[in-house]
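Colleague: If you scroll down you'll find the structure; I have some questions about it.
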Amino acid sequence: MGKKTLRVIAVLSVLSLLSGTAFAANTATSHSTGTGHESEVFQHGDNNNADVTQADQDNRSRVTQQGDGNDAQVDQAGINNLSVIDQMNDNTADVTQTAGSENNTATVNQGDGNNNIGGSIWQSGTNSNAEIHQADGNDATILQSNDDNSAIIHQNLDNEALIDQWGNRNVATIDQNLNNIGNGASVFQGGDDNIADVDQREGNLATVDQSGNRNFAFVDQVNDNTAVVDQSGDDNTANVRQYVDNHFMPVVGASPGAADNGATVLQSGNNNLANVTQDDWNTAYVDQTGDNNTVNINQHHAVSNIPKPRSIGNHAEVFQTGQDSDAVINQDDGNFAHVSQSGDGTNGRDLVTITQYDDLDVAEAFQSGTGNNVIEINQEIGQAGGSSGGVQNASASQNGTGNLAIINQGNL
C-alpha cells in the first residue's frame, strides 16, 4: 500500500465581516497515525486550544494562533517529524517528540507582543533540533536526550530560558540580547563535545553546567550580570566576557556597584582553560582542580565618562590545585587580586603573574608546591592618565626550594 497523506486544516475563529467580532474559546484536535501525514491548524481570536497528535513516520505539523490566551500542544512520535508553532500574546506552546524518534525539528515562535506564558520542547532521539523565539516576559524550556542535538533560544525582556541536554556532541545557544533586563539562562549538558553559548544584556543571570569531555562554554554579558560556569571532565574551556556599556553610567562619579558583573568558573579535570574579561566594578572567581590548568583574567577601566585616575574596584580570586597551572591577572585602578596555587606546575614550576595599573591596588600570591615556582607582581605601571601617587600593596608567599618572587612597584 502506498503512502497515505492526510491534511487537516482547522480555522477555528472566523472574523465577522459585518460586526468585526471574532469568535473565541475554540478547540481543534487532530490525530494522525500512519505515514506521511500533514496537519495545519489556524486559529484567530482569544482563548483557543489546539491539540495535535501524530504517530509513526514522516509527519508534519504547523499550528498558527493569532490572539491572546491560546494554547497549543503537539505530540509527535516517529521519524523525521517537523513541528512549527506560531503565537502572539499570552500563549502557551508545548511540543513533545519522543518514542525513540530521529531527525526531529521543533520550532516555537511567540512574538509580535509580550507576556507569553511559556514555550517548551521535549525531544528524545538522534539529530534533533529545537528553536524557541520569544518576545517579552516569556519562559522557555528545551529538554533533549541522546546524540547530536542542537537547541537555540532567542528572547527579549524579562525572560527565563532552560536548556537541558544529555548525550554526545550537543550544542546549546541562548540569546537574550535586545536591550533586555532581568533574564535568566541555564544550560545543563552531559556527555561529550558539548558547546554552550549565552549572550545577555543588563541585569541577567547565566548558569552553565557541563559534565563530560571537551566541553566549551562562552558567556557574553553587558552591565550588572552574573555568570556561573561549572565544568567537570577533560579538555574544558570557559570564556566569560562581561562589559560595561558606556551609556549605562548616567553621571560622572557614579558609585561602585552601578554596573557590577560577577563571574565564577569551576573546573575539575585535565587541560582546562579559563579566560575572564571584565570592565569596571567586577568580581571574578576561578577554581581549578586537575592538570594543565590556565587562568587569564583581564579587568580594565572602560567607562569613558568617568575620568582617570579613580578607584575602579575589580576583584579577582584564583585557586589552582594540581600541576602545570598558570595564573595571569591584569587590572586597572583600585583592584584586588588573590592567587593560590598548590601543585608541581609546568616542569615542576607554578607561575603567577599579576599586573596592576595605576593606584590603590592590592596583590596577594601564595604557592605551596615542591619548589622552583615563580611569582611576579607589577604595580603602578605608568600609562595614559597618569598616577595620583596612591599606595600599592603586594604580598608573595612561597614554600619549598628554588622559588623566585619579583615585585615591581612604581612607574617603570
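Identifiers for the C-alpha cells are assigned positionally: chains receive A, B, ... in sequence, residues are indexed from 1 per chain, and ligands are indexed from 1 in the order shown.
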Which neighbours of Ala238 in chain A fall inside 10 Å, counting only C-alpha atoms, when residues of the same chain fewer than 5 positions from it are skipped, and could you give them as an MDAnalysis selection string?
Modeller: chainID A and resid 196 208 215:219 229:231 265:267 272:276 295
Colleague: Please produce an output containing C-alpha atoms for each residue in the selection, written as a PDB file, in the first residue's frame.
Modeller:
```pdb
ATOM      1  CA  ALA A 196      27.151  26.292  25.274  1.00  0.00           C
ATOM      2  CA  VAL A 208      26.218  26.731  32.550  1.00  0.00           C
ATOM      3  CA  ASN A 215      33.163  20.910  26.676  1.00  0.00           C
ATOM      4  CA  PHE A 216      33.222  24.597  25.696  1.00  0.00           C
ATOM      5  CA  ALA A 217      31.278  27.399  27.424  1.00  0.00           C
ATOM      6  CA  PHE A 218      31.153  31.040  26.268  1.00  0.00           C
ATOM      7  CA  VAL A 219      29.187  33.709  28.169  1.00  0.00           C
ATOM      8  CA  VAL A 229      30.232  28.055  34.753  1.00  0.00           C
ATOM      9  CA  ASP A 230      30.830  24.622  36.280  1.00  0.00           C
ATOM     10  CA  GLN A 231      32.772  22.168  34.157  1.00  0.00           C
ATOM     11  CA  VAL A 265      34.290  29.423  36.842  1.00  0.00           C
ATOM     12  CA  LEU A 266      34.726  25.992  38.440  1.00  0.00           C
ATOM     13  CA  GLN A 267      36.778  23.431  36.528  1.00  0.00           C
ATOM     14  CA  ASN A 272      41.165  23.177  31.472  1.00  0.00           C
ATOM     15  CA  LEU A 273      41.423  26.843  30.438  1.00  0.00           C
ATOM     16  CA  ALA A 274      39.509  29.780  31.928  1.00  0.00           C
ATOM     17  CA  ASN A 275      39.506  33.257  30.380  1.00  0.00           C
ATOM     18  CA  VAL A 276      37.620  36.089  32.109  1.00  0.00           C
ATOM     19  CA  VAL A 295      43.702  31.151  34.107  1.00  0.00           C
TER      20      VAL A 295
END
```
Colleague: Show me, as a VMD selection string, the residues that have an atom within 6 Å of range 51-67 of chain A when counting only C-alpha atoms, minus same-chain residues fewer than 5 positions from it.
Modeller: chain A and resid 29 to 46 73 to 88
Colleague: Can you list, as a PyMOL selection string, every protein, DNA or RNA residue that comes within 6 Å of Gln134 in chain A when you count only C-alpha atoms, leaving out same-chain residues fewer than 4 positions away?
Modeller: chain A and resi 110-111+155
Colleague: Take the residues that were just selected and, keeping C-alpha atoms, output them as a tab-separated table (two decimals), in the first residue's frame.
Modeller:
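Below you can see selection.tsv, which holds the result:
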```tsv
chain	number	residue	atom	x	y	z
A	110	GLN	CA	5.98	33.62	20.26
A	111	GLY	CA	6.30	37.21	19.21
A	155	GLN	CA	14.37	36.13	23.87
```
Colleague: Have a look at A:Thr92, A:Gln242, A:Gln409, A:Ile117 and name the one nearest to Asp136 in chain A; count only C-alpha atoms.
Modeller: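 Counting only C-alpha atoms, the residue closest to Asp136 in chain A is A:Ile117.
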Colleague: Tell me, in Å to one decimal, how far CA of Ser120 in chain A is from CA of Ala140 in chain A.
Modeller: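 So the answer is 5.6 Å.
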Colleague: Might you pull out every residue within 12 Å of Asn403 in chain A, with only C-alpha atoms counted and same-chain residues fewer than 2 positions away left off, and present them as an NGL selection string?
Modeller: :A and (344 or 348-352 or 366-376 or 396-401 or 405-406)
Colleague: Which residues, written as a PyMOL selection string, have at least one atom at most 6 Å from Ser128 in chain A, with only C-alpha atoms counted and residues fewer than 6 positions away on the same chain left out?
Modeller: chain A and resi 103-105+149
Colleague: Could you please take those selected residues and save N, CA and C atoms as a PDB file, in the first residue's frame?
Modeller:
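Contents of part.pdb, freshly written:
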```pdb
ATOM      1  N   ASN A 103      15.871  12.633  13.921  1.00  0.00           N
ATOM      2  CA  ASN A 103      15.880  13.741  12.964  1.00  0.00           C
ATOM      3  C   ASN A 103      14.664  14.652  13.104  1.00  0.00           C
ATOM      4  N   ASN A 104      14.230  14.914  14.334  1.00  0.00           N
ATOM      5  CA  ASN A 104      13.072  15.777  14.564  1.00  0.00           C
ATOM      6  C   ASN A 104      13.482  17.234  14.626  1.00  0.00           C
ATOM      7  N   THR A 105      12.606  18.129  14.200  1.00  0.00           N
ATOM      8  CA  THR A 105      12.834  19.567  14.294  1.00  0.00           C
ATOM      9  C   THR A 105      11.594  20.229  14.875  1.00  0.00           C
ATOM     10  N   ASN A 149      22.193  16.662  19.297  1.00  0.00           N
ATOM     11  CA  ASN A 149      21.082  17.601  19.432  1.00  0.00           C
ATOM     12  C   ASN A 149      21.561  19.041  19.386  1.00  0.00           C
TER      13      ASN A 149
END
```
Colleague: Provide the CA of Phe188 in chain A to CA of Gln97 in chain A distance in Å, to one decimal place.
Modeller: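 Taking CA of Phe188 in chain A as the start and CA of Gln97 in chain A as the end point, the length is 19.6 Å.
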Colleague: With only C-alpha atoms as the counted atoms, please give the residues lying no more than 8 Å from range 317-320 of chain A, apart from itself and same-chain residues fewer than 6 positions off, as JSON, numbers by chain.
Modeller: {"A": [284, 285, 286, 287, 288, 289, 293, 295, 327, 337, 338, 339, 340, 341, 342, 343]}
Colleague: Work out how far CA of Gln356 in chain A is from CA of Gly262 in chain A, in Å to one decimal.
Modeller: 19.3 Å
Colleague: Mind checking which residues fall within 8 Å of Asn408 in chain A, counting only C-alpha atoms, ignoring those fewer than 3 positions away in the same chain, and posting them as a ChimeraX atom specification?
Modeller: /A:377-379
Colleague: For those residues, write C-alpha atoms to a file as an mmCIF file, in the first residue's frame.
Modeller:
```cif
data_model
loop_
_atom_site.group_PDB
_atom_site.id
_atom_site.type_symbol
_atom_site.label_atom_id
_atom_site.label_comp_id
_atom_site.auth_asym_id
_atom_site.auth_seq_id
_atom_site.Cartn_x
_atom_site.Cartn_y
_atom_site.Cartn_z
ATOM 1 C CA ILE A 377 53.822 41.274 40.692
ATOM 2 C CA ASN A 378 53.953 44.566 38.790
ATOM 3 C CA GLN A 379 52.092 47.542 40.248
#
```
Colleague: Which residue out of A:Asp326, A:Asp224, A:Asp158, A:Asp332 has the minimum interatomic distance to Asn298 in chain A when only C-alpha atoms are used?
Modeller: A:Asp332
Colleague: Name the residues of range 93-267 of chain A that come out as strand (DSSP E) in a backbone DSSP run; write them as a VMD selection string.
Modeller: chain A and resid 93 to 102 105 to 114 118 to 126 129 to 136 139 to 145 150 to 155 160 to 166 171 to 176 184 to 190 195 to 200 205 to 211 216 to 222 226 to 232 237 to 243 261 to 267
Colleague: May I ask which of the residues A:Ile354, A:Val187, A:Ala50, A:Val391 is the closest one to Asn91 in chain A, counting only C-alpha atoms?
Modeller: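 When distances to Asn91 in chain A are compared using only C-alpha atoms, the smallest one comes from A:Ala50.
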